[in-house]
$ cat coords.cif   # mmCIF, C-alpha atoms; chains and numbers go by the auth columns
data_structure
#
loop_
_atom_site.group_PDB
_atom_site.id
_atom_site.type_symbol
_atom_site.label_atom_id
_atom_site.label_comp_id
_atom_site.label_asym_id
_atom_site.label_seq_id
_atom_site.Cartn_x
_atom_site.Cartn_y
_atom_site.Cartn_z
_atom_site.B_iso_or_equiv
_atom_site.auth_seq_id
_atom_site.auth_asym_id
ATOM 1 C CA MET A 1 -74.694 21.061 85.922 0.00 1 E
ATOM 2 C CA SER A 2 -71.115 21.305 87.198 0.00 2 E
ATOM 3 C CA MET A 3 -70.122 22.660 90.604 0.00 3 E
ATOM 4 C CA GLN A 4 -68.507 25.644 88.868 0.00 4 E
ATOM 5 C CA SER A 5 -71.811 26.573 87.249 0.00 5 E
ATOM 6 C CA LEU A 6 -73.676 26.248 90.539 0.00 6 E
ATOM 7 C CA GLU A 7 -71.175 28.525 92.278 0.00 7 E
ATOM 8 C CA ILE A 8 -71.542 31.185 89.583 0.00 8 E
ATOM 9 C CA ILE A 9 -75.338 31.099 89.704 0.00 9 E
ATOM 10 C CA ARG A 10 -75.219 31.341 93.501 0.00 10 E
ATOM 11 C CA ALA A 11 -73.013 34.415 93.150 0.00 11 E
ATOM 12 C CA ILE A 12 -75.626 36.023 90.905 0.00 12 E
ATOM 13 C CA HIS A 13 -78.310 35.731 93.544 0.00 13 E
ATOM 14 C CA ASN A 14 -75.920 37.156 96.130 0.00 14 E
ATOM 15 C CA ASP A 15 -75.649 40.326 94.032 0.00 15 E
ATOM 16 C CA ALA A 16 -71.974 39.680 93.394 0.00 16 E
ATOM 17 C CA TRP A 17 -70.099 40.289 90.188 0.00 17 E
ATOM 18 C CA LEU A 18 -70.810 37.618 87.604 0.00 18 E
ATOM 19 C CA ALA A 19 -68.571 36.096 85.046 0.00 19 E
ATOM 20 C CA MET A 20 -70.007 34.269 82.149 0.00 20 E
ATOM 21 C CA ASN A 21 -66.433 26.820 75.005 0.00 21 E
ATOM 22 C CA SER A 22 -68.579 28.618 67.532 0.00 22 E
ATOM 23 C CA ASP A 23 -71.426 29.955 66.371 0.00 23 E
ATOM 24 C CA GLU A 24 -72.062 31.537 69.749 0.00 24 E
ATOM 25 C CA ILE A 25 -69.929 34.688 69.284 0.00 25 E
ATOM 26 C CA THR A 26 -71.989 36.989 67.122 0.00 26 E
ATOM 27 C CA SER A 27 -70.012 39.076 64.672 0.00 27 E
ATOM 28 C CA ASP A 28 -73.059 40.471 62.858 0.00 28 E
ATOM 29 C CA ILE A 29 -72.862 43.681 64.909 0.00 29 E
ATOM 30 C CA ASP A 30 -69.894 46.003 64.344 0.00 30 E
ATOM 31 C CA ASN A 31 -67.735 46.487 67.422 0.00 31 E
ATOM 32 C CA SER A 32 -64.654 48.077 65.913 0.00 32 E
ATOM 33 C CA GLU A 33 -64.553 50.860 68.506 0.00 33 E
ATOM 34 C CA ALA A 34 -65.090 50.602 72.244 0.00 34 E
ATOM 35 C CA GLY A 35 -67.739 53.304 72.310 0.00 35 E
ATOM 36 C CA GLY A 36 -68.740 53.515 68.665 0.00 36 E
ATOM 37 C CA ALA A 37 -70.660 56.496 67.386 0.00 37 E
ATOM 38 C CA SER A 38 -72.721 56.491 70.587 0.00 38 E
ATOM 39 C CA GLY A 39 -69.785 57.935 72.530 0.00 39 E
ATOM 40 C CA GLN A 40 -70.654 55.608 75.421 0.00 40 E
ATOM 41 C CA GLU A 41 -68.377 52.878 76.676 0.00 41 E
ATOM 42 C CA LYS A 42 -69.582 49.370 75.962 0.00 42 E
ATOM 43 C CA LEU A 43 -69.423 47.017 78.918 0.00 43 E
ATOM 44 C CA TRP A 44 -70.369 43.389 79.379 0.00 44 E
ATOM 45 C CA TYR A 45 -73.506 42.411 81.305 0.00 45 E
ATOM 46 C CA VAL A 46 -75.200 39.125 82.146 0.00 46 E
ATOM 47 C CA LEU A 47 -78.795 38.408 81.174 0.00 47 E
ATOM 48 C CA LYS A 48 -81.147 35.892 82.750 0.00 48 E
ATOM 49 C CA VAL A 49 -83.161 34.337 79.934 0.00 49 E
ATOM 50 C CA GLN A 50 -85.574 31.491 79.415 0.00 50 E
ATOM 51 C CA SER A 51 -83.706 28.188 79.490 0.00 51 E
ATOM 52 C CA ASN A 52 -83.546 26.127 76.277 0.00 52 E
ATOM 53 C CA ARG A 53 -84.305 29.265 74.237 0.00 53 E
ATOM 54 C CA GLU A 54 -80.931 30.975 74.521 0.00 54 E
ATOM 55 C CA ARG A 55 -80.111 30.941 70.810 0.00 55 E
ATOM 56 C CA SER A 56 -83.523 32.136 69.578 0.00 56 E
ATOM 57 C CA ILE A 57 -83.522 34.912 72.198 0.00 57 E
ATOM 58 C CA ARG A 58 -80.030 35.980 71.159 0.00 58 E
ATOM 59 C CA ASP A 59 -81.156 36.118 67.525 0.00 59 E
ATOM 60 C CA SER A 60 -84.223 38.180 68.500 0.00 60 E
ATOM 61 C CA ILE A 61 -82.071 40.720 70.345 0.00 61 E
ATOM 62 C CA ILE A 62 -79.747 41.070 67.356 0.00 62 E
ATOM 63 C CA ARG A 63 -82.678 41.449 64.970 0.00 63 E
ATOM 64 C CA ARG A 64 -84.262 44.184 67.106 0.00 64 E
ATOM 65 C CA ILE A 65 -80.945 46.050 67.395 0.00 65 E
ATOM 66 C CA LYS A 66 -80.729 46.190 63.598 0.00 66 E
ATOM 67 C CA MET A 67 -84.383 47.169 63.195 0.00 67 E
ATOM 68 C CA GLU A 68 -83.950 50.074 65.636 0.00 68 E
ATOM 69 C CA GLY A 69 -80.662 51.141 64.057 0.00 69 E
ATOM 70 C CA MET A 70 -78.847 50.848 67.396 0.00 70 E
ATOM 71 C CA GLU A 71 -75.797 48.883 66.246 0.00 71 E
ATOM 72 C CA ASP A 72 -73.445 51.563 67.621 0.00 72 E
ATOM 73 C CA TYR A 73 -74.674 50.871 71.139 0.00 73 E
ATOM 74 C CA PHE A 74 -74.114 47.101 71.070 0.00 74 E
ATOM 75 C CA GLY A 75 -71.269 44.666 70.589 0.00 75 E
ATOM 76 C CA GLN A 76 -71.389 40.876 70.920 0.00 76 E
ATOM 77 C CA VAL A 77 -74.190 38.715 72.262 0.00 77 E
ATOM 78 C CA PHE A 78 -72.574 35.571 73.594 0.00 78 E
ATOM 79 C CA ILE A 79 -73.732 32.205 74.962 0.00 79 E
ATOM 80 C CA PRO A 80 -70.967 30.447 76.941 0.00 80 E
ATOM 81 C CA THR A 81 -70.432 26.883 75.705 0.00 81 E
ATOM 82 C CA GLU A 82 -67.866 24.120 75.865 0.00 82 E
ATOM 83 C CA LYS A 83 -67.082 21.244 73.512 0.00 83 E
ATOM 84 C CA VAL A 84 -67.961 17.797 74.866 0.00 84 E
ATOM 85 C CA VAL A 85 -66.737 14.528 73.341 0.00 85 E
ATOM 86 C CA GLU A 86 -69.274 11.701 73.432 0.00 86 E
ATOM 87 C CA THR A 87 -68.649 8.043 72.687 0.00 87 E
ATOM 88 C CA LYS A 88 -71.687 6.045 71.641 0.00 88 E
ATOM 89 C CA GLY A 89 -72.043 2.804 69.715 0.00 89 E
ATOM 90 C CA GLY A 90 -68.329 2.675 69.056 0.00 90 E
ATOM 91 C CA GLY A 91 -68.372 6.123 67.473 0.00 91 E
ATOM 92 C CA ARG A 92 -67.250 9.517 68.751 0.00 92 E
ATOM 93 C CA ARG A 93 -68.772 12.920 68.180 0.00 93 E
ATOM 94 C CA VAL A 94 -68.119 16.408 69.471 0.00 94 E
ATOM 95 C CA ARG A 95 -71.029 18.610 70.477 0.00 95 E
ATOM 96 C CA GLU A 96 -71.387 22.014 72.099 0.00 96 E
ATOM 97 C CA GLN A 97 -72.922 22.169 75.538 0.00 97 E
ATOM 98 C CA LYS A 98 -74.139 25.326 77.272 0.00 98 E
ATOM 99 C CA LEU A 99 -72.090 26.078 80.377 0.00 99 E
ATOM 100 C CA LEU A 100 -74.787 28.141 82.090 0.00 100 E
ATOM 101 C CA PRO A 101 -78.285 27.261 80.842 0.00 101 E
ATOM 102 C CA GLY A 102 -80.585 30.242 81.224 0.00 102 E
ATOM 103 C CA TYR A 103 -77.858 32.898 81.006 0.00 103 E
ATOM 104 C CA MET A 104 -76.071 34.832 78.278 0.00 104 E
ATOM 105 C CA MET A 105 -73.636 37.736 78.023 0.00 105 E
ATOM 106 C CA ILE A 106 -74.216 40.980 76.149 0.00 106 E
ATOM 107 C CA GLU A 107 -71.825 43.826 75.348 0.00 107 E
ATOM 108 C CA MET A 108 -73.570 47.201 75.288 0.00 108 E
ATOM 109 C CA ALA A 109 -73.596 50.880 76.210 0.00 109 E
ATOM 110 C CA LEU A 110 -76.242 50.979 78.920 0.00 110 E
ATOM 111 C CA ASN A 111 -78.868 53.727 78.784 0.00 111 E
ATOM 112 C CA ASP A 112 -82.664 53.915 78.957 0.00 112 E
ATOM 113 C CA GLU A 113 -83.142 53.025 75.290 0.00 113 E
ATOM 114 C CA THR A 114 -80.744 50.050 75.184 0.00 114 E
ATOM 115 C CA TRP A 115 -82.019 48.756 78.529 0.00 115 E
ATOM 116 C CA HIS A 116 -85.613 48.854 77.269 0.00 116 E
ATOM 117 C CA LEU A 117 -84.737 47.171 73.957 0.00 117 E
ATOM 118 C CA VAL A 118 -83.116 44.237 75.722 0.00 118 E
ATOM 119 C CA ARG A 119 -85.650 43.913 78.555 0.00 119 E
ATOM 120 C CA SER A 120 -88.662 44.036 76.235 0.00 120 E
ATOM 121 C CA THR A 121 -87.354 41.179 74.081 0.00 121 E
ATOM 122 C CA GLY A 122 -89.410 38.035 74.552 0.00 122 E
ATOM 123 C CA GLY A 123 -87.733 35.434 76.768 0.00 123 E
ATOM 124 C CA VAL A 124 -85.449 37.910 78.554 0.00 124 E
ATOM 125 C CA GLY A 125 -85.841 37.931 82.320 0.00 125 E
ATOM 126 C CA ASP A 126 -83.563 40.632 83.686 0.00 126 E
ATOM 127 C CA PHE A 127 -79.987 41.822 83.993 0.00 127 E
ATOM 128 C CA THR A 128 -78.057 40.435 86.932 0.00 128 E
ATOM 129 C CA GLY A 129 -77.113 43.076 89.458 0.00 129 E
ATOM 130 C CA ALA A 130 -78.001 44.643 92.780 0.00 130 E
ATOM 131 C CA ALA A 131 -81.206 46.438 93.730 0.00 131 E
ATOM 132 C CA GLY A 132 -82.461 46.326 90.149 0.00 132 E
ATOM 133 C CA LYS A 133 -79.308 47.974 88.782 0.00 133 E
ATOM 134 C CA PRO A 134 -77.331 46.012 86.139 0.00 134 E
ATOM 135 C CA ILE A 135 -73.732 45.403 87.209 0.00 135 E
ATOM 136 C CA PRO A 136 -71.049 45.098 84.502 0.00 136 E
ATOM 137 C CA MET A 137 -68.671 42.162 84.482 0.00 137 E
ATOM 138 C CA GLU A 138 -64.991 42.443 85.356 0.00 138 E
ATOM 139 C CA GLU A 139 -62.582 42.378 82.416 0.00 139 E
ATOM 140 C CA GLU A 140 -60.705 39.272 83.558 0.00 140 E
ATOM 141 C CA GLU A 141 -63.972 37.354 83.866 0.00 141 E
ATOM 142 C CA VAL A 142 -65.061 38.480 80.400 0.00 142 E
ATOM 143 C CA ARG A 143 -61.777 37.224 78.952 0.00 143 E
ATOM 144 C CA ARG A 144 -62.128 33.893 80.705 0.00 144 E
ATOM 145 C CA TRP A 145 -65.673 33.245 79.499 0.00 145 E
ATOM 146 C CA LEU A 146 -64.891 34.365 75.955 0.00 146 E
ATOM 147 C CA GLY A 147 -62.055 31.841 75.951 0.00 147 E
ATOM 148 C CA LEU A 148 -59.325 34.438 75.423 0.00 148 E
ATOM 149 C CA ASP A 149 -57.260 33.351 78.413 0.00 149 E
ATOM 150 C CA SER A 150 -57.565 29.679 77.492 0.00 150 E
ATOM 151 C CA ALA A 151 -56.491 30.505 73.940 0.00 151 E
ATOM 152 C CA ASP A 152 -53.342 32.164 75.306 0.00 152 E
ATOM 153 C CA GLU A 153 -52.689 29.107 77.461 0.00 153 E
ATOM 154 C CA ASP A 154 -53.223 26.751 74.529 0.00 154 E
ATOM 155 C CA LYS A 155 -50.687 28.725 72.465 0.00 155 E
ATOM 156 C CA LYS A 156 -48.200 28.551 75.318 0.00 156 E
ATOM 157 C CA GLN A 157 -48.643 24.790 75.597 0.00 157 E
ATOM 158 C CA GLU A 158 -48.301 24.415 71.837 0.00 158 E
ATOM 159 C CA ASP A 159 -45.047 26.397 71.890 0.00 159 E
ATOM 160 C CA GLU A 160 -43.738 24.165 74.679 0.00 160 E
ATOM 161 C CA LYS A 161 -44.791 21.073 72.746 0.00 161 E
ATOM 162 C CA GLU A 162 -42.886 22.220 69.665 0.00 162 E
ATOM 163 C CA ALA A 163 -39.753 22.622 71.759 0.00 163 E
ATOM 164 C CA ARG A 164 -39.830 18.981 72.895 0.00 164 E
ATOM 165 C CA PRO A 165 -38.501 16.029 70.873 0.00 165 E
ATOM 166 C CA VAL A 166 -41.268 14.181 69.078 0.00 166 E
ATOM 167 C CA VAL A 167 -41.791 10.523 68.209 0.00 167 E
ATOM 168 C CA LYS A 168 -41.785 9.589 64.535 0.00 168 E
ATOM 169 C CA PHE A 169 -44.523 7.020 63.960 0.00 169 E
ATOM 170 C CA VAL A 170 -44.404 4.365 61.237 0.00 170 E
ATOM 171 C CA VAL A 171 -48.221 4.199 61.294 0.00 171 E
ATOM 172 C CA ALA A 172 -50.881 6.867 60.820 0.00 172 E
ATOM 173 C CA VAL A 173 -54.332 7.752 62.129 0.00 173 E
ATOM 174 C CA GLY A 174 -56.983 5.661 60.417 0.00 174 E
ATOM 175 C CA GLU A 175 -54.639 2.767 59.601 0.00 175 E
ATOM 176 C CA HIS A 176 -55.457 -0.836 60.501 0.00 176 E
ATOM 177 C CA VAL A 177 -52.930 -2.279 62.957 0.00 177 E
ATOM 178 C CA LYS A 178 -52.262 -5.405 64.972 0.00 178 E
ATOM 179 C CA VAL A 179 -51.138 -5.394 68.598 0.00 179 E
ATOM 180 C CA LYS A 180 -47.915 -7.402 68.807 0.00 180 E
ATOM 181 C CA GLU A 181 -47.216 -7.075 72.516 0.00 181 E
ATOM 182 C CA GLY A 182 -49.015 -6.568 75.827 0.00 182 E
ATOM 183 C CA ALA A 183 -52.443 -7.412 77.244 0.00 183 E
ATOM 184 C CA PHE A 184 -54.134 -6.980 73.854 0.00 184 E
ATOM 185 C CA GLU A 185 -51.611 -9.049 71.884 0.00 185 E
ATOM 186 C CA ASN A 186 -52.958 -10.301 68.513 0.00 186 E
ATOM 187 C CA PHE A 187 -55.978 -7.970 68.646 0.00 187 E
ATOM 188 C CA GLU A 188 -56.521 -5.809 65.584 0.00 188 E
ATOM 189 C CA GLY A 189 -57.948 -2.307 65.410 0.00 189 E
ATOM 190 C CA VAL A 190 -57.871 1.140 63.840 0.00 190 E
ATOM 191 C CA ILE A 191 -55.684 4.000 65.080 0.00 191 E
ATOM 192 C CA ASP A 192 -57.828 6.839 66.429 0.00 192 E
ATOM 193 C CA SER A 193 -55.161 9.305 67.600 0.00 193 E
ATOM 194 C CA MET A 194 -51.441 9.624 68.237 0.00 194 E
ATOM 195 C CA ASP A 195 -49.340 11.765 70.585 0.00 195 E
ATOM 196 C CA GLU A 196 -45.946 12.650 69.129 0.00 196 E
ATOM 197 C CA VAL A 197 -44.651 13.865 72.500 0.00 197 E
ATOM 198 C CA THR A 198 -45.461 10.806 74.641 0.00 198 E
ATOM 199 C CA GLY A 199 -45.239 8.254 71.837 0.00 199 E
ATOM 200 C CA LYS A 200 -48.619 6.839 72.830 0.00 200 E
ATOM 201 C CA LEU A 201 -51.479 6.131 70.476 0.00 201 E
ATOM 202 C CA LYS A 202 -55.133 5.202 70.896 0.00 202 E
ATOM 203 C CA VAL A 203 -56.579 2.275 68.992 0.00 203 E
ATOM 204 C CA MET A 204 -60.223 1.282 68.573 0.00 204 E
ATOM 205 C CA ILE A 205 -60.336 -2.479 69.205 0.00 205 E
ATOM 206 C CA GLU A 206 -63.424 -4.684 69.108 0.00 206 E
ATOM 207 C CA ILE A 207 -63.775 -6.456 72.456 0.00 207 E
ATOM 208 C CA PHE A 208 -66.797 -8.670 73.127 0.00 208 E
ATOM 209 C CA GLY A 209 -68.490 -7.226 70.078 0.00 209 E
ATOM 210 C CA ARG A 210 -68.041 -3.611 71.152 0.00 210 E
ATOM 211 C CA GLY A 211 -65.588 -1.000 69.936 0.00 211 E
ATOM 212 C CA THR A 212 -63.258 -0.089 72.796 0.00 212 E
ATOM 213 C CA GLU A 213 -60.553 2.584 72.806 0.00 213 E
ATOM 214 C CA VAL A 214 -57.264 1.420 74.308 0.00 214 E
ATOM 215 C CA GLU A 215 -54.049 3.366 74.798 0.00 215 E
ATOM 216 C CA LEU A 216 -50.829 1.719 73.661 0.00 216 E
ATOM 217 C CA GLU A 217 -47.167 2.534 73.150 0.00 217 E
ATOM 218 C CA HIS A 218 -46.185 3.112 69.528 0.00 218 E
ATOM 219 C CA TRP A 219 -43.868 0.106 69.557 0.00 219 E
ATOM 220 C CA GLN A 220 -46.686 -2.244 70.593 0.00 220 E
ATOM 221 C CA VAL A 221 -48.424 -2.156 67.202 0.00 221 E
ATOM 222 C CA GLU A 222 -47.600 -2.951 63.599 0.00 222 E
ATOM 223 C CA LYS A 223 -49.347 -2.415 60.287 0.00 223 E
ATOM 224 C CA VAL A 224 -51.608 -5.218 59.135 0.00 224 E
#
$ encode --input "coords.cif" --output "structure tokens"
Amino acid sequence: MSMQSLEIIRAIHNDAWLAMNSDEITSDIDNSEAGGASGQEKLWYVLKVQSNRERSIRDSIIRRIKMEGMEDYFGQVFIPTEKVVETKGGGRRVREQKLLPGYMMIEMALNDETWHLVRSTGGVGDFTGAAGKPIPMEEEEVRRWLGLDSADEDKKQEDEKEARPVVKFVVAVGEHVKVKEGAFENFEGVIDSMDEVTGKLKVMIEIFGRGTEVELEHWQVEKV
């Protein structure tokens, strides 16, 4: 677990405000209005749940909400995740990893009925808060954990990237190339990715019987 996660969990036990990377944002429950027909404002809270059961517990909460006809009182049920790239056996894969195992976020109008529905769901421990009282999350923390702020930043970076001159490659991702210059001269490999801004590309080259990713300048390779 990262230092960031440890700091957040420590904040929970200090009764401070808590802030919580696909299929984790649940859109099954209508949240078109802040208060819905309930007339109560929906806020975000953090739940302590049984670790390694986050997804099944989330699904149970959603199922019970529908069975009780309480959709107007709830919004999203969210498990914070991030995408992690793994390299194994010369191959790469992207998987989702939970940022805070044992915790999830829920958007709801808090009252006796909604509190009881959530707390009586199997695998749910308790809301985080002070003196037994659930404390809602701050808006900026909600945005950060939902990835809204990072999405804005990504768009900004993309806009900046478009404004810069880009390199026109004579090769493409997936093509077989030969290194014609540098430490890996005469090695052959397959292009894995290219950066049009820096002019660099990454090539998977077999070294000592193992696929190894090396970064090269675009002018260091040629098509085979």
$ closest_residue --input "coords.cif" --among "E:Gly209, E:Gly122, E:Glu82, E:Leu117" --to "Val94 (chain E)" --atoms "only C-alpha atoms"
E:Glu82
$ closest_residue --input "coords.cif" --among "E:Glu215, E:Asp126, E:Glu139, E:Glu113" --to "Lys200 (chain E)" --atoms "all atoms listed in the file"
E:Glu215
$ resolve_selection --input "coords.cif" --expression "the PyMOL selection byres ((chain E and resi 182-187) around 9)" --output "list of chain:residue names"
E:Val177, E:Lys178, E:Val179, E:Lys180, E:Glu181, E:Glu188, E:Gly189, E:Ile205, E:Glu206, E:Ile207, E:Val214, E:Leu216, E:Gln220, E:Val221
$ residues_around --input "coords.cif" --residues "Leu99 (chain E)" --least-positions-apart "2" --cutoff "7 Å" --atoms "all atoms listed in the file" --output "list in words"
Ser5, Pro80, Thr81, Glu82, Gln97 and Pro101 of chain E
$ closest_residue --input "coords.cif" --among "E:Val190, E:Lys98, E:Gly69, E:Tyr103" --to "Lys83 (chain E)" --atoms "all atoms listed in the file"
E:Lys98
$ resolve_selection --input "coords.cif" --expression "the PyMOL selection byres ((chain E and resi 50) around 6)" --output "PyMOL selection string"
chain E and resi 49+51+53+102+123
$ write_last_selection --input "coords.cif" --atoms "C-alpha atoms" --output "compact mmCIF listing (two decimals), keeping the file's coordinate frame"
# COMPACT_ATOMS: atom_id res chain seq x y z
CA VAL E 49 -83.16 34.34 79.93
CA SER E 51 -83.71 28.19 79.49
CA ARG E 53 -84.30 29.26 74.24
CA GLY E 102 -80.58 30.24 81.22
CA GLY E 123 -87.73 35.43 76.77
$ atom_distance --input "coords.cif" --atom1 "CA of Leu100 (chain E)" --atom2 "CA of Lys133 (chain E)"
21.4 Å
$ axis_aligned_box --input "coords.cif" --around "region 63-79 of chain E" --padding-each-side "6 Å" --output "AutoDock Vina command-line options"
--center_x -77.8 --center_y 41.9 --center_z 69.1 --size_x 25.1 --size_y 31.4 --size_z 23.8
$ closest_residue --input "coords.cif" --among "E:Asp72, E:Asp112, E:Arg210, E:Val170" --to "Met194 (chain E)" --atoms "only C-alpha atoms"
E:Val170
$ resolve_selection --input "coords.cif" --expression "the PyMOL selection byres ((chain E and resi 199) around 10)" --output "list in words"
Val166, Val167, Lys168, Phe169, Met194, Asp195, Glu196, Val197, Thr198, Lys200, Leu201, Leu216, Glu217, His218 and Trp219 of chain E
$ closest_residue --input "coords.cif" --among "E:Glu96, E:Trp145, E:Leu110, E:Asp59" --to "Phe127 (chain E)" --atoms "all atoms listed in the file"
E:Leu110
$ decode --input "coords.cif" --residues "region 124-136 of chain E" --atoms "N, CA and C atoms" --output "tab-separated table (two decimals), in the first residue's frame"
chain	number	residue	atom	x	y	z
E	124	VAL	N	-20.48	-4.71	5.33
E	124	VAL	CA	-20.28	-3.29	5.64
E	124	VAL	C	-19.92	-3.14	7.11
E	125	GLY	N	-18.84	-2.42	7.38
E	125	GLY	CA	-18.44	-2.18	8.77
E	125	GLY	C	-19.17	-0.98	9.33
E	126	ASP	N	-18.76	0.20	8.91
E	126	ASP	CA	-19.39	1.42	9.42
E	126	ASP	C	-19.01	2.59	8.52
E	127	PHE	N	-19.71	3.71	8.71
E	127	PHE	CA	-19.32	4.95	8.06
E	127	PHE	C	-18.12	5.51	8.81
E	128	THR	N	-17.26	6.22	8.11
E	128	THR	CA	-16.19	6.93	8.81
E	128	THR	C	-16.75	8.24	9.33
E	129	GLY	N	-16.29	8.66	10.49
E	129	GLY	CA	-16.81	9.88	11.08
E	129	GLY	C	-16.31	10.05	12.49
E	130	ALA	N	-17.00	10.88	13.25
E	130	ALA	CA	-16.60	11.16	14.63
E	130	ALA	C	-17.74	10.82	15.57
E	131	ALA	N	-17.39	10.16	16.67
E	131	ALA	CA	-18.37	9.82	17.70
E	131	ALA	C	-19.59	9.10	17.14
E	132	GLY	N	-19.35	8.21	16.17
E	132	GLY	CA	-20.44	7.43	15.60
E	132	GLY	C	-21.29	8.17	14.59
E	133	LYS	N	-20.95	9.42	14.29
E	133	LYS	CA	-21.72	10.21	13.33
E	133	LYS	C	-20.99	10.28	11.99
E	134	PRO	N	-21.63	9.81	10.90
E	134	PRO	CA	-20.99	9.86	9.58
E	134	PRO	C	-20.66	11.30	9.18
E	135	ILE	N	-19.46	11.51	8.66
E	135	ILE	CA	-19.04	12.84	8.22
E	135	ILE	C	-18.92	12.85	6.71
E	136	PRO	N	-19.62	13.76	6.02
E	136	PRO	CA	-19.53	13.82	4.56
E	136	PRO	C	-18.16	14.29	4.08
